[in-house]
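Structure file my_file04.pdb (PDB, C-alpha atoms) follows.
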```
MODEL        1
ATOM      1  CA  MET J   1    -101.383 181.550 -99.215
ATOM      2  CA  VAL J   2    -104.463 180.669-101.231
ATOM      3  CA  PHE J   3    -103.889 179.527-104.808
ATOM      4  CA  ILE J   4    -105.745 181.746-107.246
ATOM      5  CA  LYS J   5    -106.177 180.675-110.834
ATOM      6  CA  ALA J   6    -104.919 183.348-113.266
ATOM      7  CA  ASN J   7    -107.752 183.920-115.703
ATOM      8  CA  LYS J   8    -106.936 185.781-118.876
ATOM      9  CA  SER J   9    -109.329 188.681-119.013
ATOM     10  CA  ARG J  10    -111.048 190.278-121.959
ATOM     11  CA  ALA J  11    -108.458 193.074-121.863
ATOM     12  CA  TYR J  12    -105.688 190.498-122.447
ATOM     13  CA  PHE J  13    -107.302 189.118-125.577
ATOM     14  CA  LYS J  14    -108.124 192.605-126.914
ATOM     15  CA  ARG J  15    -104.427 193.451-126.779
ATOM     16  CA  TYR J  16    -103.135 190.097-128.025
ATOM     17  CA  GLN J  17    -101.065 190.417-131.211
ATOM     18  CA  VAL J  18    -100.751 187.389-133.465
ATOM     19  CA  LYS J  19     -97.156 186.579-134.408
ATOM     20  CA  PHE J  20     -96.003 186.474-138.019
ATOM     21  CA  LYS J  21     -97.024 183.385-139.964
ATOM     22  CA  ARG J  22     -93.483 182.069-140.515
ATOM     23  CA  ARG J  23     -92.732 182.610-136.801
ATOM     24  CA  ARG J  24     -95.783 180.533-135.873
ATOM     25  CA  GLN J  25     -94.566 177.843-138.272
ATOM     26  CA  GLY J  26     -91.051 178.015-136.800
ATOM     27  CA  LYS J  27     -89.448 178.766-140.182
ATOM     28  CA  THR J  28     -87.987 182.278-139.810
ATOM     29  CA  ASP J  29     -85.872 183.902-137.127
ATOM     30  CA  TYR J  30     -87.131 187.477-137.467
ATOM     31  CA  ARG J  31     -84.624 188.825-134.942
ATOM     32  CA  ALA J  32     -81.799 187.698-137.248
ATOM     33  CA  ARG J  33     -83.666 188.581-140.455
ATOM     34  CA  ILE J  34     -84.309 192.222-139.540
ATOM     35  CA  ARG J  35     -80.599 192.710-138.866
ATOM     36  CA  LEU J  36     -79.725 191.180-142.232
ATOM     37  CA  ILE J  37     -82.141 193.222-144.361
ATOM     38  CA  ASN J  38     -82.021 196.650-142.660
ATOM     39  CA  GLN J  39     -80.404 199.142-145.027
ATOM     40  CA  ASP J  40     -78.932 202.543-144.172
ATOM     41  CA  LYS J  41     -81.255 205.447-144.989
ATOM     42  CA  ASN J  42     -78.572 207.298-146.943
ATOM     43  CA  LYS J  43     -78.291 204.333-149.344
ATOM     44  CA  TYR J  44     -81.928 204.820-150.373
ATOM     45  CA  ASN J  45     -83.167 201.905-152.482
ATOM     46  CA  THR J  46     -79.842 200.067-152.826
ATOM     47  CA  PRO J  47     -80.518 196.322-152.404
ATOM     48  CA  LYS J  48     -78.804 194.530-149.539
ATOM     49  CA  TYR J  49     -77.947 191.012-150.711
ATOM     50  CA  ARG J  50     -77.933 187.847-148.612
ATOM     51  CA  PHE J  51     -76.128 184.603-149.389
ATOM     52  CA  VAL J  52     -78.829 182.144-148.319
ATOM     53  CA  VAL J  53     -77.979 178.458-147.830
ATOM     54  CA  ARG J  54     -80.580 175.805-146.988
ATOM     55  CA  PHE J  55     -80.342 171.998-146.760
ATOM     56  CA  THR J  56     -82.843 169.215-147.375
ATOM     57  CA  ASN J  57     -82.343 165.465-147.119
ATOM     58  CA  LYS J  58     -81.328 165.180-150.780
ATOM     59  CA  ASP J  59     -80.435 168.693-151.932
ATOM     60  CA  ILE J  60     -78.561 171.894-151.141
ATOM     61  CA  CYS J  61     -80.080 175.249-152.128
ATOM     62  CA  ALA J  62     -77.927 178.394-152.348
ATOM     63  CA  GLN J  63     -79.400 181.745-153.407
ATOM     64  CA  ILE J  64     -78.505 185.433-153.633
ATOM     65  CA  ILE J  65     -81.569 187.267-152.287
ATOM     66  CA  SER J  66     -82.495 190.886-151.596
ATOM     67  CA  ALA J  67     -85.520 192.059-149.605
ATOM     68  CA  SER J  68     -88.137 194.466-150.968
ATOM     69  CA  ILE J  69     -91.424 195.822-149.641
ATOM     70  CA  THR J  70     -93.344 193.412-151.897
ATOM     71  CA  GLY J  71     -91.232 190.363-150.990
ATOM     72  CA  ASP J  72     -87.795 188.830-151.412
ATOM     73  CA  LEU J  73     -86.177 188.942-154.868
ATOM     74  CA  VAL J  74     -83.810 186.180-156.016
ATOM     75  CA  LEU J  75     -80.899 187.421-158.128
ATOM     76  CA  ALA J  76     -79.364 183.985-158.763
ATOM     77  CA  SER J  77     -79.562 180.457-157.390
ATOM     78  CA  ALA J  78     -77.674 177.167-157.515
ATOM     79  CA  TYR J  79     -78.611 173.667-156.380
ATOM     80  CA  SER J  80     -76.590 170.573-155.696
ATOM     81  CA  HIS J  81     -78.872 168.568-158.017
ATOM     82  CA  GLU J  82     -77.241 170.566-160.852
ATOM     83  CA  LEU J  83     -73.805 169.142-160.028
ATOM     84  CA  PRO J  84     -74.267 165.992-162.196
ATOM     85  CA  ASN J  85     -74.096 168.393-165.176
ATOM     86  CA  PHE J  86     -70.536 169.225-164.056
ATOM     87  CA  GLY J  87     -69.400 165.656-163.393
ATOM     88  CA  LEU J  88     -70.425 165.021-159.758
ATOM     89  CA  GLU J  89     -73.154 162.373-159.731
ATOM     90  CA  VAL J  90     -73.025 161.065-156.138
ATOM     91  CA  GLY J  91     -72.601 162.549-152.666
ATOM     92  CA  LEU J  92     -74.663 165.665-153.355
ATOM     93  CA  THR J  93     -75.231 166.720-149.728
ATOM     94  CA  ASN J  94     -71.809 166.502-148.037
ATOM     95  CA  TYR J  95     -69.266 169.233-147.224
ATOM     96  CA  ALA J  96     -67.500 168.910-150.589
ATOM     97  CA  ALA J  97     -70.822 169.213-152.464
ATOM     98  CA  SER J  98     -71.656 172.294-150.372
ATOM     99  CA  TYR J  99     -68.376 173.857-151.508
ATOM    100  CA  CYS J 100     -69.202 173.071-155.152
ATOM    101  CA  THR J 101     -72.706 174.573-154.804
ATOM    102  CA  GLY J 102     -71.327 177.781-153.265
ATOM    103  CA  LEU J 103     -68.682 178.007-155.997
ATOM    104  CA  LEU J 104     -71.315 177.477-158.698
ATOM    105  CA  LEU J 105     -73.526 180.244-157.316
ATOM    106  CA  ALA J 106     -70.611 182.680-157.018
ATOM    107  CA  ARG J 107     -69.429 182.142-160.587
ATOM    108  CA  ARG J 108     -73.026 182.268-161.872
ATOM    109  CA  VAL J 109     -73.930 185.589-160.234
ATOM    110  CA  LEU J 110     -70.615 187.200-161.276
ATOM    111  CA  LYS J 111     -71.185 185.968-164.834
ATOM    112  CA  LYS J 112     -74.640 187.549-164.768
ATOM    113  CA  LEU J 113     -73.211 190.866-163.551
ATOM    114  CA  GLU J 114     -70.281 190.657-166.043
ATOM    115  CA  MET J 115     -67.734 190.628-163.220
ATOM    116  CA  ASP J 116     -66.451 187.061-163.664
ATOM    117  CA  ALA J 117     -63.305 188.053-165.590
ATOM    118  CA  GLU J 118     -62.429 190.780-163.084
ATOM    119  CA  TYR J 119     -62.978 188.677-159.955
ATOM    120  CA  GLU J 120     -61.807 185.097-160.500
ATOM    121  CA  GLY J 121     -61.469 184.401-156.776
ATOM    122  CA  ASN J 122     -59.203 181.672-155.454
ATOM    123  CA  VAL J 123     -58.688 179.372-158.440
ATOM    124  CA  GLU J 124     -56.811 176.678-156.495
ATOM    125  CA  ALA J 125     -58.598 175.534-153.334
ATOM    126  CA  THR J 126     -55.874 175.308-150.677
ATOM    127  CA  GLY J 127     -58.123 175.327-147.601
ATOM    128  CA  GLU J 128     -56.681 178.621-146.360
ATOM    129  CA  ASP J 129     -58.910 181.591-145.577
ATOM    130  CA  PHE J 130     -59.428 183.907-148.538
ATOM    131  CA  TYR J 131     -60.580 187.530-148.828
ATOM    132  CA  ILE J 132     -61.516 189.383-151.995
ATOM    133  CA  GLU J 133     -59.465 192.494-152.727
ATOM    134  CA  PRO J 134     -61.203 195.299-154.681
ATOM    135  CA  THR J 135     -59.873 196.235-158.096
ATOM    136  CA  GLU J 136     -59.478 199.729-159.535
ATOM    137  CA  THR J 137     -62.676 199.692-161.605
ATOM    138  CA  ARG J 138     -65.492 197.948-159.672
ATOM    139  CA  ARG J 139     -65.883 196.936-156.073
ATOM    140  CA  PRO J 140     -66.496 193.215-155.419
ATOM    141  CA  PHE J 141     -70.030 191.886-155.152
ATOM    142  CA  ARG J 142     -70.937 191.841-151.449
ATOM    143  CA  ALA J 143     -73.449 189.603-149.664
ATOM    144  CA  LEU J 144     -74.184 188.617-146.063
ATOM    145  CA  LEU J 145     -74.372 184.979-144.975
ATOM    146  CA  ASP J 146     -77.891 183.863-144.012
ATOM    147  CA  VAL J 147     -77.786 180.493-142.221
ATOM    148  CA  GLY J 148     -81.448 180.329-141.180
ATOM    149  CA  LEU J 149     -82.221 178.217-138.108
ATOM    150  CA  ILE J 150     -79.275 175.795-138.186
ATOM    151  CA  ARG J 151     -76.715 175.546-135.402
ATOM    152  CA  THR J 152     -73.510 177.225-136.525
ATOM    153  CA  THR J 153     -71.128 174.578-135.229
ATOM    154  CA  THR J 154     -67.526 174.243-136.381
ATOM    155  CA  GLY J 155     -67.376 172.279-139.626
ATOM    156  CA  ASN J 156     -71.058 172.705-140.503
ATOM    157  CA  ARG J 157     -71.806 172.239-144.200
ATOM    158  CA  VAL J 158     -73.108 175.808-144.504
ATOM    159  CA  PHE J 159     -69.532 177.008-144.034
ATOM    160  CA  GLY J 160     -68.455 174.724-146.861
ATOM    161  CA  ALA J 161     -70.866 176.640-149.116
ATOM    162  CA  LEU J 162     -69.479 179.890-147.676
ATOM    163  CA  LYS J 163     -65.928 178.837-148.540
ATOM    164  CA  GLY J 164     -67.007 177.939-152.073
ATOM    165  CA  ALA J 165     -68.618 181.360-152.552
ATOM    166  CA  LEU J 166     -65.491 183.100-151.210
ATOM    167  CA  ASP J 167     -63.226 181.164-153.563
ATOM    168  CA  GLY J 168     -65.689 181.927-156.363
ATOM    169  CA  GLY J 169     -65.149 185.675-155.992
ATOM    170  CA  ILE J 170     -67.942 186.977-153.713
ATOM    171  CA  ASP J 171     -67.120 189.274-150.797
ATOM    172  CA  ILE J 172     -68.783 187.872-147.645
ATOM    173  CA  PRO J 173     -67.844 189.132-144.159
ATOM    174  CA  HIS J 174     -66.724 186.078-142.181
ATOM    175  CA  SER J 175     -64.281 184.519-139.761
ATOM    176  CA  ASP J 176     -62.327 181.270-140.152
ATOM    177  CA  LYS J 177     -63.414 180.007-136.710
ATOM    178  CA  ARG J 178     -66.211 177.808-138.083
ATOM    179  CA  PHE J 179     -64.440 176.211-141.050
ATOM    180  CA  ALA J 180     -63.681 172.499-140.848
ATOM    181  CA  GLY J 181     -60.199 172.113-139.378
ATOM    182  CA  PHE J 182     -60.274 175.063-136.975
ATOM    183  CA  SER J 183     -58.703 174.158-133.622
ATOM    184  CA  LYS J 184     -60.214 175.717-130.533
ATOM    185  CA  ASP J 185     -57.063 175.026-128.526
ATOM    186  CA  ASN J 186     -54.604 176.564-130.989
ATOM    187  CA  LYS J 187     -57.135 179.151-132.199
ATOM    188  CA  SER J 188     -55.979 178.631-135.764
ATOM    189  CA  LEU J 189     -57.234 176.989-138.940
ATOM    190  CA  ASP J 190     -55.507 173.846-140.165
ATOM    191  CA  ALA J 191     -55.551 174.487-143.920
ATOM    192  CA  GLU J 192     -54.608 170.900-144.793
ATOM    193  CA  THR J 193     -57.583 169.484-142.857
ATOM    194  CA  HIS J 194     -59.907 172.001-144.449
ATOM    195  CA  ARG J 195     -58.589 171.160-147.914
ATOM    196  CA  ASN J 196     -59.174 167.491-147.140
ATOM    197  CA  TYR J 197     -62.875 168.230-146.523
ATOM    198  CA  ILE J 198     -63.198 170.376-149.651
ATOM    199  CA  PHE J 199     -61.941 167.536-151.860
ATOM    200  CA  GLY J 200     -63.989 164.836-150.119
ATOM    201  CA  GLY J 201     -61.058 163.344-148.211
ATOM    202  CA  HIS J 202     -63.216 162.621-145.151
ATOM    203  CA  VAL J 203     -65.551 160.541-147.345
ATOM    204  CA  ALA J 204     -62.581 158.707-148.895
ATOM    205  CA  ASN J 205     -61.188 157.869-145.425
ATOM    206  CA  TYR J 206     -64.563 156.535-144.339
ATOM    207  CA  MET J 207     -64.783 154.425-147.493
ATOM    208  CA  ARG J 208     -61.353 152.875-146.788
ATOM    209  CA  SER J 209     -62.114 152.114-143.146
ATOM    210  CA  MET J 210     -65.512 150.575-143.946
ATOM    211  CA  MET J 211     -64.047 148.537-146.783
ATOM    212  CA  GLU J 212     -61.577 146.952-144.356
ATOM    213  CA  ASP J 213     -63.827 146.548-141.294
ATOM    214  CA  GLU J 214     -67.302 145.955-142.746
ATOM    215  CA  PRO J 215     -67.158 145.004-146.432
ATOM    216  CA  GLU J 216     -70.824 143.947-146.533
ATOM    217  CA  LYS J 217     -71.993 147.278-145.153
ATOM    218  CA  TYR J 218     -69.674 149.035-147.602
ATOM    219  CA  GLN J 219     -71.486 147.389-150.539
ATOM    220  CA  THR J 220     -74.827 148.870-149.434
ATOM    221  CA  HIS J 221     -73.637 152.146-147.921
ATOM    222  CA  PHE J 222     -71.585 153.188-150.968
ATOM    223  CA  SER J 223     -73.624 151.349-153.591
ATOM    224  CA  GLU J 224     -74.021 154.475-155.778
ATOM    225  CA  TYR J 225     -70.263 155.115-155.683
ATOM    226  CA  ILE J 226     -69.651 151.491-156.732
ATOM    227  CA  LYS J 227     -72.161 151.778-159.625
ATOM    228  CA  LYS J 228     -70.420 154.908-160.924
ATOM    229  CA  GLY J 229     -67.000 153.286-160.471
ATOM    230  CA  ILE J 230     -65.748 155.924-157.999
ATOM    231  CA  GLU J 231     -63.019 154.747-155.631
ATOM    232  CA  ALA J 232     -61.535 156.426-152.578
ATOM    233  CA  ASP J 233     -58.222 157.209-154.297
ATOM    234  CA  GLU J 234     -59.996 158.985-157.182
ATOM    235  CA  MET J 235     -61.976 161.390-154.998
ATOM    236  CA  GLU J 236     -59.634 164.391-155.135
ATOM    237  CA  ALA J 237     -59.165 164.197-158.909
ATOM    238  CA  LEU J 238     -62.951 164.010-159.354
ATOM    239  CA  TYR J 239     -63.589 167.194-157.364
ATOM    240  CA  LYS J 240     -60.796 169.045-159.189
ATOM    241  CA  LYS J 241     -62.528 168.266-162.493
ATOM    242  CA  VAL J 242     -65.861 169.451-161.074
ATOM    243  CA  HIS J 243     -64.350 172.753-159.896
ATOM    244  CA  ALA J 244     -62.771 173.321-163.311
ATOM    245  CA  ALA J 245     -66.042 172.519-165.104
ATOM    246  CA  ILE J 246     -67.968 174.973-162.905
ATOM    247  CA  ARG J 247     -65.499 177.769-163.626
ATOM    248  CA  ALA J 248     -65.531 177.005-167.353
ATOM    249  CA  ASP J 249     -69.314 177.357-167.799
ATOM    250  CA  PRO J 250     -71.543 178.123-164.774
ATOM    251  CA  ILE J 251     -74.608 179.042-166.849
ATOM    252  CA  VAL J 252     -77.891 177.284-166.028
ATOM    253  CA  VAL J 253     -78.561 174.306-168.287
ATOM    254  CA  LYS J 254     -82.237 174.334-169.209
ATOM    255  CA  SER J 255     -83.776 170.923-169.702
ATOM    256  CA  ALA J 256     -85.339 170.367-173.116
ATOM    257  CA  LYS J 257     -88.936 169.325-172.574
ATOM    258  CA  PRO J 258     -91.216 168.470-175.517
ATOM    259  CA  GLU J 259     -94.221 170.736-175.887
ATOM    260  CA  PRO J 260     -97.546 169.072-175.079
ATOM    261  CA  LYS J 261     -99.403 167.916-178.194
ATOM    262  CA  GLU J 262    -102.790 168.911-176.863
ATOM    263  CA  HIS J 263    -103.709 171.005-173.866
ATOM    264  CA  LYS J 264    -105.714 168.970-171.387
ATOM    265  CA  ARG J 265    -108.741 170.815-170.035
ATOM    266  CA  TYR J 266    -110.490 170.048-166.762
ATOM    267  CA  ASN J 267    -113.347 172.517-167.313
ATOM    268  CA  LEU J 268    -115.600 173.503-170.185
ATOM    269  CA  LYS J 269    -114.331 175.967-172.749
ATOM    270  CA  LYS J 270    -115.841 179.440-172.407
ATOM    271  CA  LEU J 271    -118.033 180.246-175.423
ATOM    272  CA  THR J 272    -118.149 183.592-177.185
ATOM    273  CA  PHE J 273    -121.345 185.645-177.525
ATOM    274  CA  ASP J 274    -121.922 184.509-181.129
ATOM    275  CA  GLU J 275    -121.402 180.856-180.167
ATOM    276  CA  ARG J 276    -123.859 181.147-177.261
ATOM    277  CA  ARG J 277    -126.463 182.794-179.491
ATOM    278  CA  ALA J 278    -126.062 180.125-182.176
ATOM    279  CA  LYS J 279    -126.393 177.412-179.548
ATOM    280  CA  LEU J 280    -129.558 179.020-178.194
ATOM    281  CA  VAL J 281    -131.082 179.315-181.684
ATOM    282  CA  GLU J 282    -130.296 175.647-182.339
ATOM    283  CA  ARG J 283    -131.849 174.609-179.039
ATOM    284  CA  LEU J 284    -135.018 176.662-179.685
ATOM    285  CA  SER J 285    -135.303 175.300-183.217
ATOM    286  CA  ALA J 286    -135.081 171.741-181.900
ATOM    287  CA  PHE J 287    -137.671 172.523-179.229
ATOM    288  CA  ASN J 288    -140.097 174.096-181.738
ATOM    289  CA  ALA J 289    -139.659 171.184-184.147
ATOM    290  CA  GLY J 290    -140.435 168.717-181.364
ATOM    291  CA  ALA J 291    -143.535 170.682-180.353
ATOM    292  CA  ALA J 292    -144.765 170.756-183.958
ATOM    293  CA  ASP J 293    -144.355 166.965-184.286
ATOM    294  CA  SER J 294    -146.373 166.344-181.115
ATOM    295  CA  ASP J 295    -149.209 168.607-182.355
ATOM    296  CA  ASP J 296    -149.393 166.638-185.652
ATOM    297  CA  GLU J 297    -149.657 163.364-183.740
ATOM    298  CA  ASP J 298    -152.498 164.736-181.615
ATOM    299  CA  ASP J 299    -154.441 165.874-184.724
ATOM    300  CA  GLU J 300    -154.207 162.383-186.231
TER     301      GLU J 300
ENDMDL
END
```

Structure rendered as structure tokens:
Amino acid sequence: MVFIKANKSRAYFKRYQVKFKRRRQGKTDYRARIRLINQDKNKYNTPKYRFVVRFTNKDICAQIISASITGDLVLASAYSHELPNFGLEVGLTNYAASYCTGLLLARRVLKKLEMDAEYEGNVEATGEDFYIEPTETRRPFRALLDVGLIRTTTGNRVFGALKGALDGGIDIPHSDKRFAGFSKDNKSLDAETHRNYIFGGHVANYMRSMMEDEPEKYQTHFSEYIKKGIEADEMEALYKKVHAAIRADPIVVKSAKPEPKEHKRYNLKKLTFDERRAKLVERLSAFNAGAADSDDEDDE
């Protein structure tokens, strides 16, 4: 059989449809997104909220977002770099910090909607699965988990943020199969293991083992913990204080920045009509005066 090169004809390129920009960039899974934002027709313009969690190297971003025809609208957001305001200054990207960020967002959005007193959630984090039960007056605030492009493996940090939001009082459809501590063999969640992760017990165990086996590496690896005076035995008490501080006041703390003394311009200021006319008159007067002086010199 003769090999024939498959040339793409003009008809192929006429019918070629360019993919969405964020698909070309590899940022959005549109197959998952369209299932998250589609709303029933009989609900008209009711927003469908998503609990969006994203991770960077140094931060955790959690947001409550709804989709509209003009773009996504953010109802509330919380970041792990806000946690130092509540007493957690180190370890801002681990499972325990994810829980705190999810809890902060849940309490913040319920405070904004004036539902925080009605739905307190699970005040004491036990590690067990928790579901919100509706009250007689208002139904609980409902959102759908949006994990983006990450792999939803058991014990992933995104499920730590999910657990924090559930304990904070938000209704999110979920299963306990992906929480830290779920056993595939027993098909059940070990609440004690999950609680250990929520209060940073896995970090404390690693600190103890490294302190015994590799003390030099411990000095560099946990240098920030050493500077802040945080020890392995104090980890659980620290996170309990952080959880209490978040529940006490989840409002955004705005940083006080001094107003600039003088606005710095990088282009010329636009003149008004009167200013342009005065400038032109001045320029013509100077030109006429110069011409008159040159004529006098020629006469002499």

Distance query stretch 58-70 of chain J at most 10 Å, all atoms listed in the file, self and fewer than 3 positions along chain excluded, as JSON, numbers by chain = {"J": [33, 36, 37, 38, 39, 45, 46, 47, 48, 49, 50, 51, 52, 53, 54, 55, 73, 74, 75, 76, 77, 78, 79, 80, 81, 82, 91, 92, 93, 94, 97, 98, 101, 102, 103, 104, 105, 106, 109, 143, 144, 145, 146, 157, 158, 161, 162, 165]}

Do you have the atom CA of J:Arg195-atom CA of J:Met210 distance handy?
->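 Computed distance, atom CA of J:Arg195 to atom CA of J:Met210, equals 22.1 Å.
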
Please identify all polymer residues lying at most 12 Å from the point (-64.6, 168.2, -148.1) (file coordinates), using only C-alpha atoms, and present the result as a ChimeraX atom specification.
-> /J:91-100,125-127,155-161,163-164,179-181,191-205,235-236,239-240

With all atoms listed in the file as the atoms that count, which of J:Val90, J:Ala117, J:Ala32, J:Ala244 lies nearest to J:Ile230?
-> J:Val90

Have a look at atom CA of J:Glu234 and atom CA of J:Phe86 and let me know their distance in Å, one decimal.
->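 Between these atoms lies a distance of 16.2 Å.
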
How far is it from atom CA of J:Lys111 to atom CA of J:Tyr44, in Å with one decimal?
->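 Rounded to one decimal, the two atoms are 26.1 Å apart.
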
Closest of J:Lys187, J:Arg108, J:Lys27, J:His221 to J:Ile150, counting only C-alpha atoms, is J:Lys27

Centre and edges of the stretch 219-229 of chain J box, axis-aligned, 6 Å extra per side, as JSON:
```
{"center_x": -70.9, "center_y": 151.3, "center_z": -154.4, "size_x": 19.8, "size_y": 19.7, "size_z": 25.0}
```

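Using all atoms listed in the file, the shortest contact distance between J:Pro173 and any of J:Tyr12, J:Arg151, J:Ile132, J:Tyr206 is found at J:Ile132.
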
Which residue, J:Glu259, J:Asp72, J:Asp233, J:Asp167, has the smallest gap to J:Gly121 when you use only C-alpha atoms?
->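 Looking at the shortest contact to J:Gly121, the residue is J:Asp167.
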
For each of J:Asn57, J:Glu275, J:Leu113, J:Asp213, take the minimum atom-to-atom distance to J:Arg138, counting all atoms listed in the file, then give the residue where this is smallest.
->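 Looking at the shortest contact to J:Arg138, the residue is J:Leu113.
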
Residue neighbourhood J:Asp176, 8 Å, only C-alpha atoms, exclusion window fewer than 6 positions, as a VMD selection string = chain J and resid 129 182 189

Write the residues you've just listed into a file as a PDB file, in the coordinates of the input, and include C-alpha atoms for each of them.
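Now in result.pdb:
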```pdb
ATOM      1  CA  ASP J 129     -58.910 181.591-145.577  1.00  0.00           C
ATOM      2  CA  PHE J 182     -60.274 175.063-136.975  1.00  0.00           C
ATOM      3  CA  LEU J 189     -57.234 176.989-138.940  1.00  0.00           C
TER       4      LEU J 189
END
```

Taking into account only C-alpha atoms, which residue in the set J:Arg247, J:Ser175, J:Arg35, J:Lys241 is nearest to J:Thr154?
->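 Checking each of J:Arg247, J:Ser175, J:Arg35, J:Lys241 against J:Thr154, counting only C-alpha atoms, the winner is J:Ser175.
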
If you keep N, CA and C atoms, can you output stretch 212-223 of chain J as a compact mmCIF listing (two decimals), in the first residue's frame?
```txt
# COMPACT_ATOMS: atom_id res chain seq x y z
N GLU J 212 14.77 14.47 65.82
CA GLU J 212 15.55 13.34 66.33
C GLU J 212 16.56 12.82 65.31
N ASP J 213 16.14 12.69 64.04
CA ASP J 213 16.99 12.07 63.02
C ASP J 213 17.95 13.05 62.38
N GLU J 214 17.47 14.23 62.01
CA GLU J 214 18.30 15.21 61.30
C GLU J 214 18.15 16.59 61.92
N PRO J 215 18.80 16.83 63.03
CA PRO J 215 18.64 18.13 63.72
C PRO J 215 19.12 19.32 62.90
N GLU J 216 20.15 19.12 62.06
CA GLU J 216 20.64 20.24 61.25
C GLU J 216 19.60 20.62 60.19
N LYS J 217 19.02 19.63 59.57
CA LYS J 217 17.99 19.89 58.56
C LYS J 217 16.76 20.51 59.21
N TYR J 218 16.48 20.12 60.43
CA TYR J 218 15.33 20.67 61.17
C TYR J 218 15.50 22.18 61.37
N GLN J 219 16.72 22.63 61.64
CA GLN J 219 16.97 24.05 61.87
C GLN J 219 16.67 24.89 60.64
N THR J 220 16.91 24.34 59.45
CA THR J 220 16.64 25.09 58.21
C THR J 220 15.20 24.88 57.73
N HIS J 221 14.73 23.63 57.84
CA HIS J 221 13.41 23.30 57.31
C HIS J 221 12.29 23.98 58.09
N PHE J 222 12.44 24.07 59.39
CA PHE J 222 11.42 24.69 60.25
C PHE J 222 11.96 25.96 60.90
N SER J 223 12.74 26.72 60.12
CA SER J 223 13.36 27.93 60.67
C SER J 223 12.30 28.97 61.07
```
